[in-house]
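Have a look at structure-v5.cif below; it lists mmCIF, C-alpha atoms.
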```cif
data_run
#
loop_
_atom_site.group_PDB
_atom_site.id
_atom_site.type_symbol
_atom_site.label_atom_id
_atom_site.label_comp_id
_atom_site.auth_asym_id
_atom_site.auth_seq_id
_atom_site.Cartn_x
_atom_site.Cartn_y
_atom_site.Cartn_z
ATOM 1 C CA MET A 1 5.514 18.636 -8.682
ATOM 2 C CA LEU A 2 7.754 16.820 -11.161
ATOM 3 C CA LEU A 3 7.028 13.479 -12.808
ATOM 4 C CA VAL A 4 9.250 10.908 -14.519
ATOM 5 C CA ALA A 5 8.756 7.373 -15.807
ATOM 6 C CA ASP A 6 10.940 4.711 -17.399
ATOM 7 C CA VAL A 7 14.175 5.765 -15.715
ATOM 8 C CA HIS A 8 15.799 2.485 -16.761
ATOM 9 C CA GLY A 9 19.111 3.044 -15.023
ATOM 10 C CA SER A 10 19.567 6.748 -15.782
ATOM 11 C CA PHE A 11 20.271 7.502 -12.142
ATOM 12 C CA GLY A 12 22.614 10.456 -12.652
ATOM 13 C CA ALA A 13 19.858 12.324 -14.472
ATOM 14 C CA LEU A 14 17.349 11.215 -11.831
ATOM 15 C CA ALA A 15 19.579 12.672 -9.103
ATOM 16 C CA ALA A 16 19.701 16.001 -10.933
ATOM 17 C CA VAL A 17 15.905 16.126 -11.065
ATOM 18 C CA ALA A 18 15.577 15.027 -7.433
ATOM 19 C CA GLN A 19 17.825 17.902 -6.311
ATOM 20 C CA ARG A 20 15.447 20.565 -7.632
ATOM 21 C CA GLY A 21 13.607 20.665 -4.306
ATOM 22 C CA GLU A 22 10.142 19.831 -5.669
ATOM 23 C CA PRO A 23 8.016 16.752 -4.951
ATOM 24 C CA LEU A 24 9.093 14.053 -7.385
ATOM 25 C CA LEU A 25 6.738 11.336 -8.650
ATOM 26 C CA VAL A 26 8.509 8.310 -10.164
ATOM 27 C CA LEU A 27 6.095 6.180 -12.175
ATOM 28 C CA GLY A 28 7.988 2.951 -12.483
ATOM 29 C CA ASP A 29 10.632 1.057 -14.433
ATOM 30 C CA LEU A 30 13.759 2.092 -12.579
ATOM 31 C CA LEU A 31 15.706 -0.977 -13.673
ATOM 32 C CA ASN A 32 17.350 -1.107 -17.090
ATOM 33 C CA PHE A 33 16.708 -4.693 -18.125
ATOM 34 C CA VAL A 34 17.548 -3.966 -21.767
ATOM 35 C CA ASP A 35 17.691 -0.831 -23.891
ATOM 36 C CA TYR A 36 16.456 -2.089 -27.250
ATOM 37 C CA ARG A 37 18.063 0.862 -29.026
ATOM 38 C CA THR A 38 21.579 -0.164 -28.000
ATOM 39 C CA ASN A 39 21.124 -3.642 -26.414
ATOM 40 C CA GLU A 40 22.759 -2.277 -23.249
ATOM 41 C CA GLY A 41 21.510 -3.176 -19.799
ATOM 42 C CA MET A 42 21.426 -5.873 -17.155
ATOM 43 C CA LEU A 43 20.457 -8.555 -19.652
ATOM 44 C CA ALA A 44 23.664 -8.031 -21.622
ATOM 45 C CA GLU A 45 25.689 -7.962 -18.408
ATOM 46 C CA ALA A 46 24.139 -11.213 -17.184
ATOM 47 C CA THR A 47 24.221 -13.054 -20.549
ATOM 48 C CA ASP A 48 26.022 -11.797 -23.665
ATOM 49 C CA VAL A 49 25.653 -9.176 -26.376
ATOM 50 C CA ALA A 50 24.933 -11.630 -29.214
ATOM 51 C CA PHE A 51 22.032 -13.133 -27.285
ATOM 52 C CA VAL A 52 20.555 -9.697 -26.567
ATOM 53 C CA ALA A 53 20.927 -8.631 -30.199
ATOM 54 C CA GLU A 54 18.961 -11.666 -31.391
ATOM 55 C CA LEU A 55 16.348 -11.182 -28.666
ATOM 56 C CA SER A 56 15.965 -7.556 -29.762
ATOM 57 C CA ARG A 57 15.596 -8.580 -33.395
ATOM 58 C CA LEU A 58 12.815 -11.019 -32.565
ATOM 59 C CA ARG A 59 11.041 -8.551 -30.312
ATOM 60 C CA ASN A 60 11.220 -5.689 -32.799
ATOM 61 C CA SER A 61 9.873 -7.944 -35.558
ATOM 62 C CA GLY A 62 6.886 -8.786 -33.371
ATOM 63 C CA ASP A 63 7.918 -12.418 -32.825
ATOM 64 C CA ILE A 64 7.127 -12.557 -29.104
ATOM 65 C CA ALA A 65 6.813 -16.361 -29.125
ATOM 66 C CA GLY A 66 10.236 -16.637 -30.755
ATOM 67 C CA SER A 67 11.798 -14.333 -28.167
ATOM 68 C CA ARG A 68 10.345 -16.433 -25.336
ATOM 69 C CA GLN A 69 11.674 -19.624 -26.917
ATOM 70 C CA LEU A 70 15.128 -18.094 -27.326
ATOM 71 C CA TRP A 71 15.050 -16.978 -23.700
ATOM 72 C CA ALA A 72 14.112 -20.460 -22.480
ATOM 73 C CA GLU A 73 16.740 -22.199 -24.610
ATOM 74 C CA TYR A 74 19.538 -19.854 -23.529
ATOM 75 C CA HIS A 75 18.857 -20.425 -19.829
ATOM 76 C CA VAL A 76 18.778 -24.227 -19.920
ATOM 77 C CA GLY A 77 21.414 -25.679 -17.587
ATOM 78 C CA ARG A 78 22.586 -22.343 -16.203
ATOM 79 C CA GLU A 79 19.514 -21.011 -14.463
ATOM 80 C CA GLU A 80 21.203 -20.614 -11.070
ATOM 81 C CA GLU A 81 24.262 -18.891 -12.506
ATOM 82 C CA ILE A 82 22.207 -16.331 -14.441
ATOM 83 C CA ARG A 83 19.811 -15.821 -11.535
ATOM 84 C CA ALA A 84 22.732 -15.024 -9.227
ATOM 85 C CA ARG A 85 24.048 -12.446 -11.716
ATOM 86 C CA TYR A 86 20.638 -10.797 -11.981
ATOM 87 C CA THR A 87 20.225 -10.693 -8.207
ATOM 88 C CA ALA A 88 23.521 -8.840 -7.797
ATOM 89 C CA LEU A 89 22.768 -6.445 -10.658
ATOM 90 C CA ILE A 90 19.292 -5.651 -9.319
ATOM 91 C CA ALA A 91 20.599 -4.932 -5.826
ATOM 92 C CA SER A 92 23.320 -2.660 -7.225
ATOM 93 C CA ALA A 93 20.871 -0.768 -9.445
ATOM 94 C CA TYR A 94 18.385 -0.120 -6.676
ATOM 95 C CA GLU A 95 21.228 1.045 -4.438
ATOM 96 C CA GLU A 96 22.083 3.615 -7.123
ATOM 97 C CA ALA A 97 18.421 4.621 -7.443
ATOM 98 C CA ALA A 98 18.172 5.130 -3.684
ATOM 99 C CA GLY A 99 21.296 7.280 -3.730
ATOM 100 C CA ALA A 100 19.781 9.438 -6.464
ATOM 101 C CA LEU A 101 16.672 10.079 -4.356
ATOM 102 C CA VAL A 102 18.344 10.863 -1.015
ATOM 103 C CA GLY A 103 16.985 14.117 0.418
ATOM 104 C CA ALA A 104 14.094 14.364 -2.053
ATOM 105 C CA GLU A 105 10.376 14.221 -1.333
ATOM 106 C CA ALA A 106 9.805 11.321 -3.706
ATOM 107 C CA TYR A 107 6.793 9.091 -4.334
ATOM 108 C CA VAL A 108 7.798 5.929 -6.163
ATOM 109 C CA THR A 109 5.674 3.213 -7.730
ATOM 110 C CA PHE A 110 6.774 0.231 -9.810
ATOM 111 C CA GLY A 111 6.592 -0.814 -13.438
ATOM 112 C CA ASN A 112 6.824 -4.112 -15.270
ATOM 113 C CA ALA A 113 10.653 -3.984 -15.308
ATOM 114 C CA ASP A 114 10.831 -3.605 -11.526
ATOM 115 C CA GLN A 115 11.046 -5.954 -8.559
ATOM 116 C CA PRO A 116 8.489 -4.218 -6.310
ATOM 117 C CA ASP A 117 9.485 -5.804 -2.985
ATOM 118 C CA ILE A 118 13.169 -5.031 -3.486
ATOM 119 C CA LEU A 119 12.376 -1.519 -4.717
ATOM 120 C CA ARG A 120 10.222 -0.811 -1.652
ATOM 121 C CA ALA A 121 12.929 -2.025 0.726
ATOM 122 C CA SER A 122 15.704 -0.070 -0.970
ATOM 123 C CA LEU A 123 14.175 3.420 -0.947
ATOM 124 C CA PRO A 124 15.701 6.094 1.314
ATOM 125 C CA SER A 125 13.719 7.294 4.321
ATOM 126 C CA GLU A 126 12.554 10.484 2.603
ATOM 127 C CA SER A 127 10.935 8.498 -0.226
ATOM 128 C CA ARG A 128 7.594 6.726 -0.101
ATOM 129 C CA PHE A 129 6.659 3.599 -2.030
ATOM 130 C CA VAL A 130 3.111 4.064 -3.319
ATOM 131 C CA ASP A 131 0.761 1.493 -4.827
ATOM 132 C CA GLY A 132 -2.978 1.682 -4.301
ATOM 133 C CA ASP A 133 -2.291 4.781 -2.192
ATOM 134 C CA VAL A 134 -3.784 8.272 -2.156
ATOM 135 C CA VAL A 135 -1.556 11.180 -1.139
ATOM 136 C CA GLU A 136 -2.146 14.941 -0.979
ATOM 137 C CA ILE A 137 0.693 16.687 -2.803
ATOM 138 C CA GLU A 138 0.767 20.459 -3.256
ATOM 139 C CA GLY A 139 -2.984 20.612 -2.623
ATOM 140 C CA HIS A 140 -3.823 17.870 -5.157
ATOM 141 C CA VAL A 141 -5.307 14.483 -4.271
ATOM 142 C CA VAL A 142 -3.057 12.026 -6.118
ATOM 143 C CA GLY A 143 -3.749 8.324 -6.542
ATOM 144 C CA PHE A 144 -1.005 5.832 -7.418
ATOM 145 C CA VAL A 145 -1.342 2.377 -8.972
ATOM 146 C CA GLY A 146 1.803 0.473 -9.902
ATOM 147 C CA GLY A 147 2.503 -2.499 -12.108
ATOM 148 C CA GLY A 148 2.784 -3.387 -15.769
ATOM 149 C CA ILE A 149 0.526 -5.362 -18.082
ATOM 150 C CA GLU A 150 0.861 -9.160 -18.009
ATOM 151 C CA GLY A 151 2.870 -10.693 -20.827
ATOM 152 C CA VAL A 152 6.298 -11.989 -19.843
ATOM 153 C CA GLY A 153 5.625 -13.264 -16.322
ATOM 154 C CA VAL A 154 7.952 -11.009 -14.339
ATOM 155 C CA PRO A 155 7.326 -9.704 -10.778
ATOM 156 C CA GLY A 156 6.429 -6.201 -11.961
ATOM 157 C CA GLU A 157 3.417 -7.398 -13.979
ATOM 158 C CA VAL A 158 -0.124 -7.451 -12.575
ATOM 159 C CA SER A 159 -3.433 -8.680 -13.941
ATOM 160 C CA GLU A 160 -6.224 -6.441 -15.165
ATOM 161 C CA SER A 161 -8.374 -7.589 -12.243
ATOM 162 C CA VAL A 162 -5.693 -6.558 -9.749
ATOM 163 C CA LEU A 163 -5.348 -3.195 -11.469
ATOM 164 C CA ALA A 164 -9.129 -2.738 -11.348
ATOM 165 C CA ASP A 165 -9.233 -3.530 -7.631
ATOM 166 C CA LYS A 166 -6.427 -1.094 -6.825
ATOM 167 C CA LEU A 167 -8.046 1.633 -8.915
ATOM 168 C CA ALA A 168 -11.397 1.109 -7.215
ATOM 169 C CA SER A 169 -9.739 1.440 -3.802
ATOM 170 C CA LEU A 170 -8.534 4.963 -4.658
ATOM 171 C CA GLY A 171 -11.954 6.579 -4.836
ATOM 172 C CA GLU A 172 -12.080 10.028 -6.419
ATOM 173 C CA VAL A 173 -8.732 11.735 -7.063
ATOM 174 C CA ASP A 174 -7.572 14.887 -8.830
ATOM 175 C CA ILE A 175 -4.581 13.158 -10.443
ATOM 176 C CA LEU A 176 -4.175 9.489 -11.300
ATOM 177 C CA CYS A 177 -0.632 8.138 -11.653
ATOM 178 C CA THR A 178 -0.001 4.695 -13.126
ATOM 179 C CA HIS A 179 2.820 2.980 -14.937
ATOM 180 C CA VAL A 180 0.568 1.571 -17.652
ATOM 181 C CA ALA A 181 -1.258 3.451 -20.397
ATOM 182 C CA PRO A 182 -5.033 3.419 -20.763
ATOM 183 C CA ALA A 183 -6.601 1.423 -23.607
ATOM 184 C CA ILE A 184 -6.342 4.246 -26.139
ATOM 185 C CA ARG A 185 -4.397 3.041 -29.190
ATOM 186 C CA PRO A 186 -2.358 6.206 -29.909
ATOM 187 C CA LEU A 187 -1.235 6.274 -26.253
ATOM 188 C CA SER A 188 -0.575 2.555 -25.835
ATOM 189 C CA ARG A 189 1.093 1.458 -29.080
ATOM 190 C CA ASP A 190 4.871 1.683 -29.312
ATOM 191 C CA VAL A 191 5.666 2.734 -32.886
ATOM 192 C CA ILE A 192 9.103 1.066 -32.707
ATOM 193 C CA GLY A 193 8.307 -2.148 -30.851
ATOM 194 C CA GLY A 194 4.852 -2.361 -32.412
ATOM 195 C CA ARG A 195 3.235 -3.922 -29.359
ATOM 196 C CA LEU A 196 0.114 -2.655 -27.641
ATOM 197 C CA LYS A 197 0.532 -2.396 -23.858
ATOM 198 C CA GLN A 198 -2.698 -1.029 -22.500
ATOM 199 C CA SER A 199 -5.128 -1.340 -19.625
ATOM 200 C CA GLU A 200 -8.884 -1.512 -20.006
ATOM 201 C CA ALA A 201 -9.133 -1.150 -16.236
ATOM 202 C CA VAL A 202 -7.326 2.200 -16.314
ATOM 203 C CA ARG A 203 -9.498 3.443 -19.152
ATOM 204 C CA ALA A 204 -12.677 2.385 -17.304
ATOM 205 C CA TYR A 205 -11.528 4.220 -14.175
ATOM 206 C CA LEU A 206 -10.835 7.385 -16.165
ATOM 207 C CA GLU A 207 -14.193 7.242 -17.911
ATOM 208 C CA GLY A 208 -16.026 6.689 -14.625
ATOM 209 C CA SER A 209 -14.134 8.957 -12.224
ATOM 210 C CA GLN A 210 -12.847 11.657 -14.591
ATOM 211 C CA PRO A 211 -9.800 12.920 -12.666
ATOM 212 C CA SER A 212 -8.376 16.116 -14.089
ATOM 213 C CA TRP A 213 -5.090 14.446 -15.032
ATOM 214 C CA HIS A 214 -3.702 10.991 -15.709
ATOM 215 C CA TYR A 215 0.075 10.585 -15.821
ATOM 216 C CA PHE A 216 1.761 7.336 -16.904
ATOM 217 C CA GLY A 217 4.777 5.887 -18.750
ATOM 218 C CA ASP A 218 5.641 2.417 -20.095
ATOM 219 C CA ILE A 219 5.312 3.272 -23.818
ATOM 220 C CA HIS A 220 8.711 4.556 -24.907
ATOM 221 C CA GLN A 221 7.803 5.700 -28.436
ATOM 222 C CA PRO A 222 4.037 6.297 -28.464
ATOM 223 C CA GLN A 223 2.008 7.589 -31.379
ATOM 224 C CA ALA A 224 0.730 10.343 -29.086
ATOM 225 C CA THR A 225 1.939 11.603 -25.711
ATOM 226 C CA THR A 226 -1.246 13.480 -24.759
ATOM 227 C CA TRP A 227 -4.925 12.606 -25.131
ATOM 228 C CA ARG A 228 -8.294 13.564 -23.681
ATOM 229 C CA ILE A 229 -10.755 11.106 -22.175
ATOM 230 C CA GLY A 230 -13.756 13.218 -21.270
ATOM 231 C CA ARG A 231 -12.517 15.787 -18.754
ATOM 232 C CA THR A 232 -9.243 13.918 -18.161
ATOM 233 C CA THR A 233 -5.993 14.959 -19.802
ATOM 234 C CA CYS A 234 -3.760 11.884 -20.212
ATOM 235 C CA ARG A 235 -0.002 12.454 -20.458
ATOM 236 C CA ASN A 236 2.904 10.066 -21.005
ATOM 237 C CA VAL A 237 5.787 11.428 -18.890
ATOM 238 C CA GLY A 238 8.513 9.006 -20.149
ATOM 239 C CA TYR A 239 10.915 7.942 -21.688
ATOM 240 C CA PHE A 240 13.250 9.396 -19.052
ATOM 241 C CA ARG A 241 16.282 7.241 -19.990
ATOM 242 C CA ALA A 242 16.263 8.899 -23.413
ATOM 243 C CA THR A 243 15.051 12.409 -22.573
ATOM 244 C CA GLU A 244 16.488 12.917 -19.053
ATOM 245 C CA ARG A 245 13.679 15.459 -18.621
ATOM 246 C CA ALA A 246 10.954 15.572 -15.991
ATOM 247 C CA VAL A 247 7.418 16.744 -16.696
ATOM 248 C CA ARG A 248 6.120 19.459 -14.378
ATOM 249 C CA HIS A 249 2.467 19.290 -13.393
ATOM 250 C CA VAL A 250 0.812 22.525 -14.458
#
```
Kindly transcribe the structure held in the file into structure tokens.
Amino acid sequence: MLLVADVHGSFGALAAVAQRGEPLLVLGDLLNFVDYRTNEGMLAEATDVAFVAELSRLRNSGDIAGSRQLWAEYHVGREEEIRARYTALIASAYEEAAGALVGAEAYVTFGNADQPDILRASLPSESRFVDGDVVEIEGHVVGFVGGGIEGVGVPGEVSESVLADKLASLGEVDILCTHVAPAIRPLSRDVIGGRLKQSEAVRAYLEGSQPSWHYFGDIHQPQATTWRIGRTTCRNVGYFRATERAVRHV
């Protein structure tokens, strides 16, 4: 089986991976809200480049409060206009994602950048939306839990308590797939953005259940891509937008 995360609009590369004829596990963040390396993405299309550049500067300097204030100020008086632009861009992006996955045996969960209800509805018939689900794939029992860590207040974020409940519902699995990283600093700290995005609930599940593997994404430039928690090997399978490479489960 092949795994990718953090596709962020790289649908041509996703189609190439999907055409390999192997089960494909997509671990969230299909939408490209903003690429902080280039400031490209739906945010720039819905607003303007200067706004995105300043938002990126604030984010990369660690001024999260400042970035939220800038966001709020920019939207004042034109909320409906910007919302309509986003709605059209999201629908178009998920249509492209669905086209990339046509004919593939794909299992897709969501990340913080996603709109889970729209993603679920847009997938082609061969694909399966998975969240809190357990599926047998190539003889492995695989559990999926979608969602990103709370912080911005977008539809793709979930609370730690919700994550814990979904993880508990899985039971014992051979492979755990999430979007978020466990609360291990080298795995969950982005060395460029500087922010920690981590889940204590995921770490607790790994320590208690000890699946053989944990695959995840979310952290684009981590300090480490692989780590051991007891018997579990943890592996970040992103940043697909930059690498355009899938990870094959050994």
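Applied to the file shown here, the PyMOL selection byres ((chain A and resi 232) around 9) selects the residues Leu206, Glu207, Gln210, Pro211, Ser212, Trp213, His214, Trp227, Arg228, Ile229, Gly230, Arg231, Thr233 and Cys234 of chain A.
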Could the residues in this selection be saved with C-alpha atoms as a tab-separated table (two decimals), keeping the file's coordinate frame?
```
chain	number	residue	atom	x	y	z
A	206	LEU	CA	-10.84	7.38	-16.16
A	207	GLU	CA	-14.19	7.24	-17.91
A	210	GLN	CA	-12.85	11.66	-14.59
A	211	PRO	CA	-9.80	12.92	-12.67
A	212	SER	CA	-8.38	16.12	-14.09
A	213	TRP	CA	-5.09	14.45	-15.03
A	214	HIS	CA	-3.70	10.99	-15.71
A	227	TRP	CA	-4.92	12.61	-25.13
A	228	ARG	CA	-8.29	13.56	-23.68
A	229	ILE	CA	-10.76	11.11	-22.18
A	230	GLY	CA	-13.76	13.22	-21.27
A	231	ARG	CA	-12.52	15.79	-18.75
A	233	THR	CA	-5.99	14.96	-19.80
A	234	CYS	CA	-3.76	11.88	-20.21
```
Exercise for the section: Quick one: apply the PyMOL selection byres ((chain A and resi 1-5) around 9) to the file and drop the selected residues here as a ChimeraX atom specification. Expected result: /A:6-8,14,17-18,22-30,111,137-138,179,215-218,236-241,244-250
Ground truth for the PyMOL selection byres ((chain A and resi 126) around 7), written as a tab-separated table (two decimals) with C-alpha atoms, in the frame of the given file:
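This went into selection-v7.tsv:
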```tsv
chain	number	residue	atom	x	y	z
A	102	VAL	CA	18.34	10.86	-1.01
A	103	GLY	CA	16.98	14.12	0.42
A	104	ALA	CA	14.09	14.36	-2.05
A	105	GLU	CA	10.38	14.22	-1.33
A	106	ALA	CA	9.80	11.32	-3.71
A	124	PRO	CA	15.70	6.09	1.31
A	125	SER	CA	13.72	7.29	4.32
A	127	SER	CA	10.94	8.50	-0.23
A	128	ARG	CA	7.59	6.73	-0.10
```
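With all atoms listed in the file as the basis for measurement, A:Asp174 is the residue among A:Ala98, A:Ile82, A:Ala183, A:Asp174 that approaches His140 of chain A most closely.
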Exercise for the section: Kindly indicate which residue among A:Ile64, A:Ala72, A:Val134, A:Ala100 lies nearest to Ala15 of chain A, using only C-alpha atoms for the distances. Expected result: A:Ala100
Exercise for the section: Find the distance between atom CA of Val130 of chain A and atom CA of Gly143 of chain A and write it in Å to one decimal. Expected result: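 Rounded to one decimal, the two atoms are 8.7 Å apart.
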So that all listed atoms of segment 68-77 of chain A fit with 4 Å spare on each side, what axis-aligned box centre and edge lengths in Å, to one decimal, would you give as lines of an AutoDock Vina configuration file?
```
center_x = 15.9
center_y = -21.1
center_z = -22.5
size_x = 19.1
size_y = 17.2
size_z = 17.7
```
Problem - Nearest residue to Arg195 of chain A from the set A:Asp48, A:Asp165, A:Asp63, A:Glu54 (distances using all atoms listed in the file) - result: A:Asp63
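Nearest to Asn112 of chain A of all the residues A:Glu150, A:Asp131, A:Glu95, A:Glu160 is A:Glu150, based on all atoms listed in the file.
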Problem - Distance in Å - atom CA of Ser67 of chain A versus atom CA of Ser161 of chain A - result: 26.6 Å
Exercise for the section: Can you work out the spacing between atom CA of Asp117 of chain A and atom CA of Arg85 of chain A in Å, to one decimal? Expected result: 18.2 Å
Problem - Best match for closeness to Pro155 of chain A among A:Ala224, A:Ala168, A:Ile118, A:Leu43, counting all atoms listed in the file - result: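 Smallest distance to Pro155 of chain A is found for A:Ile118.
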Handout entry: Pick from A:Val141, A:Arg203, A:Gly151, A:Ser61, whichever lies nearest to Leu187 of chain A using only C-alpha atoms
Key =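 Of A:Val141, A:Arg203, A:Gly151, A:Ser61, the one nearest Leu187 of chain A is A:Arg203, counting only C-alpha atoms.
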Practice task
Write out as a list in words the residues lying within 7 Å of Ser188 of chain A, counting only C-alpha atoms and excluding same-chain residues fewer than 3 positions away.
Solution key: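 Selected residues are Ala181, Pro182, Ala183, Ile184, Arg185, Leu196, Lys197, Gln198, Ile219 and Pro222 of chain A.
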Practice task
Name all residues at most 8 Å from Asp133 of chain A (count only C-alpha atoms; drop same-chain ones fewer than 5 positions away) and give them as a list of chain:residue names.
Solution key: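 Answer for this query is A:Gly143, A:Phe144, A:Val145, A:Leu170.
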Got a sec: who's within 12 Å of Arg57 of chain A, counting all atoms listed in the file, leaving out chain neighbours fewer than 3 positions off, as a PDB file with C-alpha atoms, in the coordinates of the input?
```
ATOM      1  CA  TYR A  36      16.456  -2.089 -27.250  1.00  0.00           C
ATOM      2  CA  ARG A  37      18.063   0.862 -29.026  1.00  0.00           C
ATOM      3  CA  THR A  38      21.579  -0.164 -28.000  1.00  0.00           C
ATOM      4  CA  ASN A  39      21.124  -3.642 -26.414  1.00  0.00           C
ATOM      5  CA  ALA A  50      24.933 -11.630 -29.214  1.00  0.00           C
ATOM      6  CA  PHE A  51      22.032 -13.133 -27.285  1.00  0.00           C
ATOM      7  CA  VAL A  52      20.555  -9.697 -26.567  1.00  0.00           C
ATOM      8  CA  ALA A  53      20.927  -8.631 -30.199  1.00  0.00           C
ATOM      9  CA  GLU A  54      18.961 -11.666 -31.391  1.00  0.00           C
ATOM     10  CA  ASN A  60      11.220  -5.689 -32.799  1.00  0.00           C
ATOM     11  CA  SER A  61       9.873  -7.944 -35.558  1.00  0.00           C
ATOM     12  CA  GLY A  62       6.886  -8.786 -33.371  1.00  0.00           C
ATOM     13  CA  ASP A  63       7.918 -12.418 -32.825  1.00  0.00           C
ATOM     14  CA  ILE A  64       7.127 -12.557 -29.104  1.00  0.00           C
ATOM     15  CA  GLY A  66      10.236 -16.637 -30.755  1.00  0.00           C
ATOM     16  CA  SER A  67      11.798 -14.333 -28.167  1.00  0.00           C
ATOM     17  CA  LEU A  70      15.128 -18.094 -27.326  1.00  0.00           C
ATOM     18  CA  ILE A 192       9.103   1.066 -32.707  1.00  0.00           C
ATOM     19  CA  GLY A 193       8.307  -2.148 -30.851  1.00  0.00           C
TER      20      GLY A 193
END
```
